[in-house]
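Contents: one structure, followed by commentary.
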Amino acid sequence: MSATASAPVTAISMTVNGKEHSAEVEPRTLLVHFLRDALGLTGTHIGCDTSSCGACVVHLDGDPVKSCTVLAVQADGASITTIEGLAGEDGSLHPVQEGFWEKHGLQCGYCTPGMIMTGAALLERNPHPTEEQIRHELEGNLCRCTGYQNIVRAIQFAAEQSS
Amino acid sequence: MVAAPEAPERMVGKALKRREDPRLITGGAQFLDDVKLPGMTHAAFVRSPHAHARIASIDASAASSMPGVLGVFAGDDFMDLNPLPAAWQAGGVTNHPVTPRVLAVGEVHQVGDPVAVVVAEDAYQARDAAQAVIVTWDPLPAVVDAKKATEAGAPQLHEEAPNNIVLEWSCGKEADRVDAALAAADVRISHHLINQRLIPTPMEPRGSIARFDPATGDYTLWATSQAPHVHRLLLAAFVFGIPEQKIRVIAPDMGGGFGAKIFVYYDMAATMALSKKLGGRPVKFWEDRSENYMTTTHGRDHITDLEIGAGKDGSITALKVKTWANLGAYFSTIAAGIPTTLYGRMVAGCYKIPNIRVDVVAAYTNTAMVDAYRGAGRPEAAYVIERVCDLVAQATGVDPAEVRRRNFIQPEDFPYDTGVGMLPYDSGNYELTLDKALEQVGYTGLRQEQKRRRGAGERKLLGIGLSSYVEVCGVAPSKWIGLPGEGWGAGLWESANVKVHLTGKVVVTTGSLPHGQGHETSFAQLVSDRLGIPYDDIEIEHSDTQAAPFGFGSYGSRSLSVGGTAIYKSVDKVVTKAMKLAAHMLEAAEDDITFENGVFSVKGSSESSKTIQEVALAAHVGYDLPEGMEPFLDETTYYDPPNCTFPFGTHVCVVEVDTETGGIDMLRYLAVDDVGNVVNPLIVDGQIHGGIAQGLAQAMFEGAVYDDDGQLLTGTLSDYAIPKASQLPWYELDRTVTPTSVNPMGVKGAGEAGTIASTPAVANAVNDAVGHLISGEIAMPFTPERVWRAINAH
Ligand code: FES
Ligand code: FES
């Protein structure tokens, strides 16, 4: 969100997908809006206004967070990874991205960036989750299209890659 | 001359991973909210907190002077625009359509009704200012239940619709005849069903971005739209009263639709009009989830009374259905077609029922508008008829599978007219899917186990739910749907253009468009095989009224069967023309030319051949064409099918109900679907998965709830229970293939099958488990509390 003359602003800086960014933002600016509107990283989506859907999940210092529920000023000094920064620098897909493509883990793709970021964080912590653990970990991510089965398969596929 | 290449791999039937995925898994897609135009402004609506009220006054003075605010407008500022159109009125009866205006004027009829709009430089400022607009209200009494709305003394919503009745409609046999058959039946059952209101909830909400060009008077509208051409047509002809070519509608990548993005909404017209008022600055409106839940359309919401007559052998001899359909506060774009043509005419399901009649009353209430939601009428119909089968089974003691078998339309009966005004069903083999499903689930063993548990008085009872469904897809034949009898009042054909460029690359432009279904992949598979041109050389364009000839849009599982056939026929035309040119190039008679795997050859001479790429080049350069032939391989088709298609199948759900807690465990979910021929099994299975999830969620979790004052109690994603990964079972899928002769590909449609089948499968399973312990029907969704209360009611 752009700041206006009358609104007080705070200076912040953070590393996003490996790049340094400094900006002045209204203190109320949500991280998701900062990423999308100020930095143009529109791969992080917004699907709700109650912290329910997980379309907005990014990694903040390595942890998955709902960026609609973090203020941009709270991310001051942090390192953020969004869906745009997940693939390798040579463009090679992250195994979870591969899995979603391979196993038809997406239909409309709106929930997908959040799902992939959550899935990637899960595998960091638990490289070989059971089906039940995967379903449980996706508690905060909603998908209306797939019925989840192929999302489970996608994450299982990624887990198998890293054996 | 070239050597004939090796036969390329057949693409149709292959589980190809989707070509649309790379952009979606890397954050590179462009959804509406990602569209950013130079100088773009932001709109926020001021909404009614009341379900029914008079607007006493609107004071925008404080809001107008807030930072960044460019303007505040109320209903009076849009009186030069007509109300939104009622595009599908029920056929053959009087309708009382009252459609919304851009902003409500004088009176509001639902919570969330927009009464003013603020435009500001950024979205935060627009919201701040919208909150500062002071509206004074005179609240009025509200009604939220369709049946109560039609009763004497109910609050009245619209003068034009006495007793809140939108329409009264019926289909099937004369009431007297059905009553006589009911009276004569061995077994007679009266029953009451509620098909609760659902909120479609595509994960991407809706929005519009409009830009007016003051120099030309043209509008460009980017919208979350399942039907860009229809939106252009309706906005131009009905709302703005300007020629169609003055509006261009573009649908960017779309995060699901499920029907809710078919309709014309207030914000489309509002952003267009506002951009004009602002001298051409683009105006964006992006609803948040709460606004989506309040004001984007809902689905279902039927109250139904049933009278069933059956023989002792389980044959259904008579069925009388009376349904009150809640259409919400106003008439949404195609609302009337859903509880009539798409519901009433499908209530017979896959069964021969000699005496059947459906009466429908559609009513206005102080709730969100109700229109098509995934399945649109067919899930409501399947719920009725599949519950009927199980009720007959329960009353006669005949096994539910046997009841279905006894009443099935048989393979040799097709084309079959069910007697309720639907077009004749094209093809089917219902018993085949039932047998396959029963065998795979181990039906006999499950019934024994069920009996054992009941006999032993176990706490956890087993329920087996069957759902043998048939649905209507590819809804199209203009001469049926367009006639006054069905009331659509327009055609439902589709178009496609196919060009083979000089380089041999193909561009297909289609009026159908995806919002998750993978059209770009399936359509390219289809074209690749037909033209013998590599899959990667085929590009599918869509979603822009300036590019595609015309399309009625993607809904009703019609894209492949209707839109895909338009592509298929355009490809045929390309081949026909290329054949002529190839004959000319090879100096042979056209009759002597064969076309296979992208190569035109002279019969009997393996030496003489031309690839389609060579022919495309010759057609494009155009200096040596047969007499009278136009250059370029470029063909367009407008395709209007002779009939709809009727996919079918049997789903089985096995549940375990804990009689002490009311909790339900889903042990198995198995689906055997027949969607005709399959282009991409990966995509079709994905559609079935998602469909099952949505229908199952209706039975288990979801329900939009209004209180008596018309407040939406399930107004956010934390109150409305769309299912999570941990709440859904593993789906076991199988299929049979009964092609249709309606279209040359033999495809039927798969987008809604799962949703239609699964709700009754689950409902039957739960009722099967505990039906002997309860009286009446447990209302969906089957929360543990409801199930427990039903069991402990006496
Ligand atoms: S946008 Fe839904 S949880 Fe963040
Ligand atoms: S793929 Fe559409 S919401 Fe998940």
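In the structure tokens, each chain is lettered A, B, ... as it comes, each chain's residues begin at 1, and ligands are numbered from 1 in order of appearance.
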
| task | Give the residues of chain B that lie within 7 Å of chain A; count only C-alpha atoms, and format the answer as a ChimeraX atom specification. | result | /B:17,21,24-28,34,122,202-205,254-256,288-289,515-517,686,689-690,693,716-718,724-726,730

| Pick from B:Pro641, B:Pro514, B:Gly710, B:Gly715, whichever lies nearest to ligand 2 using only C-alpha atoms and all ligand atoms |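 Closest residue, counting only C-alpha atoms and all ligand atoms: B:Pro514.
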
| task | Would you return as a ChimeraX atom specification the members of segment 22-119 of chain A that DSSP assigns to helix (DSSP H, G or I) on this structure's backbone? | result | /A:31-38,72-75,83-85,95-102,112-119

| query | Excluding same-chain residues fewer than 5 positions from segment 603-610 of chain B, what lies within 12 Å of it counting only C-alpha atoms, as a PyMOL selection string? | reply | chain B and resi 1-5+578-598+615-618

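Shell of segment 122-125 of chain A at 10 Å, with only C-alpha atoms counted and residues fewer than 3 places along the chain excluded, is Gly62, Asp63, Pro64, Pro95, Val96, Ile116, Met117, Thr118, Gly119, His128, Pro129, Gln133, Ile134, Glu137, Leu138, Ile155, Gln156, Ala158, Ala159 and Ser162 of chain A.
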
| message | So, with only C-alpha atoms and all ligand atoms as the atoms that count, which of B:Asp253, B:Met294, B:Phe550, B:Ala236 lies closest to ligand 2? | response | B:Asp253

| Who sits within 12 Å of Gln74 of chain A, only C-alpha atoms, same chain under 3 positions skipped, as a list in words | Thr10, Ala11, Ile12, Ser13, Met14, Val25, Glu26, Pro27, Arg28, Thr29, Leu30, Leu31, Val32, Phe34, Leu60, Val65, Ser67, Cys68, Thr69, Val70, Leu71, Gly77, Ala78, Ser79 and Ile80 of chain A

| task | Would you mind telling me which residue in A:Arg153, A:Gln161, A:Gly54, A:Gly99 lies nearest to ligand 2 when using only C-alpha atoms and all ligand atoms? | result | A:Gly54

| query | Using the chain letters and numbers from this document, which residues of chain A does DSSP assign to strand (DSSP E or B), as a PyMOL selection string? | reply | chain A and resi 10-16+19-25+30+57-60+63-66+71+79-81

| said: Report as a PyMOL selection string all protein, DNA and RNA residues lying within 10 Å of Gly532 of chain B, evaluated on only C-alpha atoms, omitting residues in the same chain fewer than 5 positions from it. | reply: chain B and resi 7-11+527+595-599+611-613

Selection from above, N, CA and C atoms, as a PDB file, in the first residue's frame, can you write it?
ATOM      1  N   ALA B   7       4.517 -42.825 -36.586  1.00  0.00           N
ATOM      2  CA  ALA B   7       3.243 -42.427 -36.003  1.00  0.00           C
ATOM      3  C   ALA B   7       3.501 -41.776 -34.644  1.00  0.00           C
ATOM      4  N   PRO B   8       3.063 -40.527 -34.470  1.00  0.00           N
ATOM      5  CA  PRO B   8       3.301 -39.889 -33.182  1.00  0.00           C
ATOM      6  C   PRO B   8       2.457 -40.560 -32.107  1.00  0.00           C
ATOM      7  N   GLU B   9       2.878 -40.381 -30.896  1.00  0.00           N
ATOM      8  CA  GLU B   9       2.159 -40.947 -29.775  1.00  0.00           C
ATOM      9  C   GLU B   9       0.764 -40.316 -29.705  1.00  0.00           C
ATOM     10  N   ARG B  10      -0.236 -41.145 -29.461  1.00  0.00           N
ATOM     11  CA  ARG B  10      -1.596 -40.598 -29.330  1.00  0.00           C
ATOM     12  C   ARG B  10      -1.690 -39.785 -28.044  1.00  0.00           C
ATOM     13  N   MET B  11      -2.234 -38.622 -28.144  1.00  0.00           N
ATOM     14  CA  MET B  11      -2.332 -37.744 -26.977  1.00  0.00           C
ATOM     15  C   MET B  11      -3.652 -37.941 -26.228  1.00  0.00           C
ATOM     16  N   VAL B 527      -6.384 -31.586 -30.349  1.00  0.00           N
ATOM     17  CA  VAL B 527      -5.997 -31.022 -31.637  1.00  0.00           C
ATOM     18  C   VAL B 527      -4.747 -31.720 -32.171  1.00  0.00           C
ATOM     19  N   PHE B 595      -4.958 -38.984 -45.257  1.00  0.00           N
ATOM     20  CA  PHE B 595      -4.340 -38.133 -44.231  1.00  0.00           C
ATOM     21  C   PHE B 595      -4.191 -38.948 -42.963  1.00  0.00           C
ATOM     22  N   GLU B 596      -2.968 -39.076 -42.523  1.00  0.00           N
ATOM     23  CA  GLU B 596      -2.713 -39.854 -41.313  1.00  0.00           C
ATOM     24  C   GLU B 596      -1.499 -39.295 -40.605  1.00  0.00           C
ATOM     25  N   ASN B 597      -1.587 -39.156 -39.312  1.00  0.00           N
ATOM     26  CA  ASN B 597      -0.456 -38.688 -38.500  1.00  0.00           C
ATOM     27  C   ASN B 597       0.197 -37.426 -39.064  1.00  0.00           C
ATOM     28  N   GLY B 598      -0.614 -36.548 -39.575  1.00  0.00           N
ATOM     29  CA  GLY B 598      -0.074 -35.274 -40.039  1.00  0.00           C
ATOM     30  C   GLY B 598       0.520 -35.321 -41.432  1.00  0.00           C
ATOM     31  N   VAL B 599       0.303 -36.426 -42.155  1.00  0.00           N
ATOM     32  CA  VAL B 599       0.897 -36.543 -43.482  1.00  0.00           C
ATOM     33  C   VAL B 599      -0.181 -36.863 -44.527  1.00  0.00           C
ATOM     34  N   THR B 611       3.697 -33.109 -45.575  1.00  0.00           N
ATOM     35  CA  THR B 611       3.263 -32.985 -44.185  1.00  0.00           C
ATOM     36  C   THR B 611       2.267 -31.831 -44.081  1.00  0.00           C
ATOM     37  N   ILE B 612       1.506 -31.854 -43.014  1.00  0.00           N
ATOM     38  CA  ILE B 612       0.551 -30.761 -42.845  1.00  0.00           C
ATOM     39  C   ILE B 612       1.292 -29.434 -42.688  1.00  0.00           C
ATOM     40  N   GLN B 613       2.473 -29.485 -42.121  1.00  0.00           N
ATOM     41  CA  GLN B 613       3.256 -28.249 -41.998  1.00  0.00           C
ATOM     42  C   GLN B 613       3.618 -27.707 -43.379  1.00  0.00           C
TER      43      GLN B 613
END
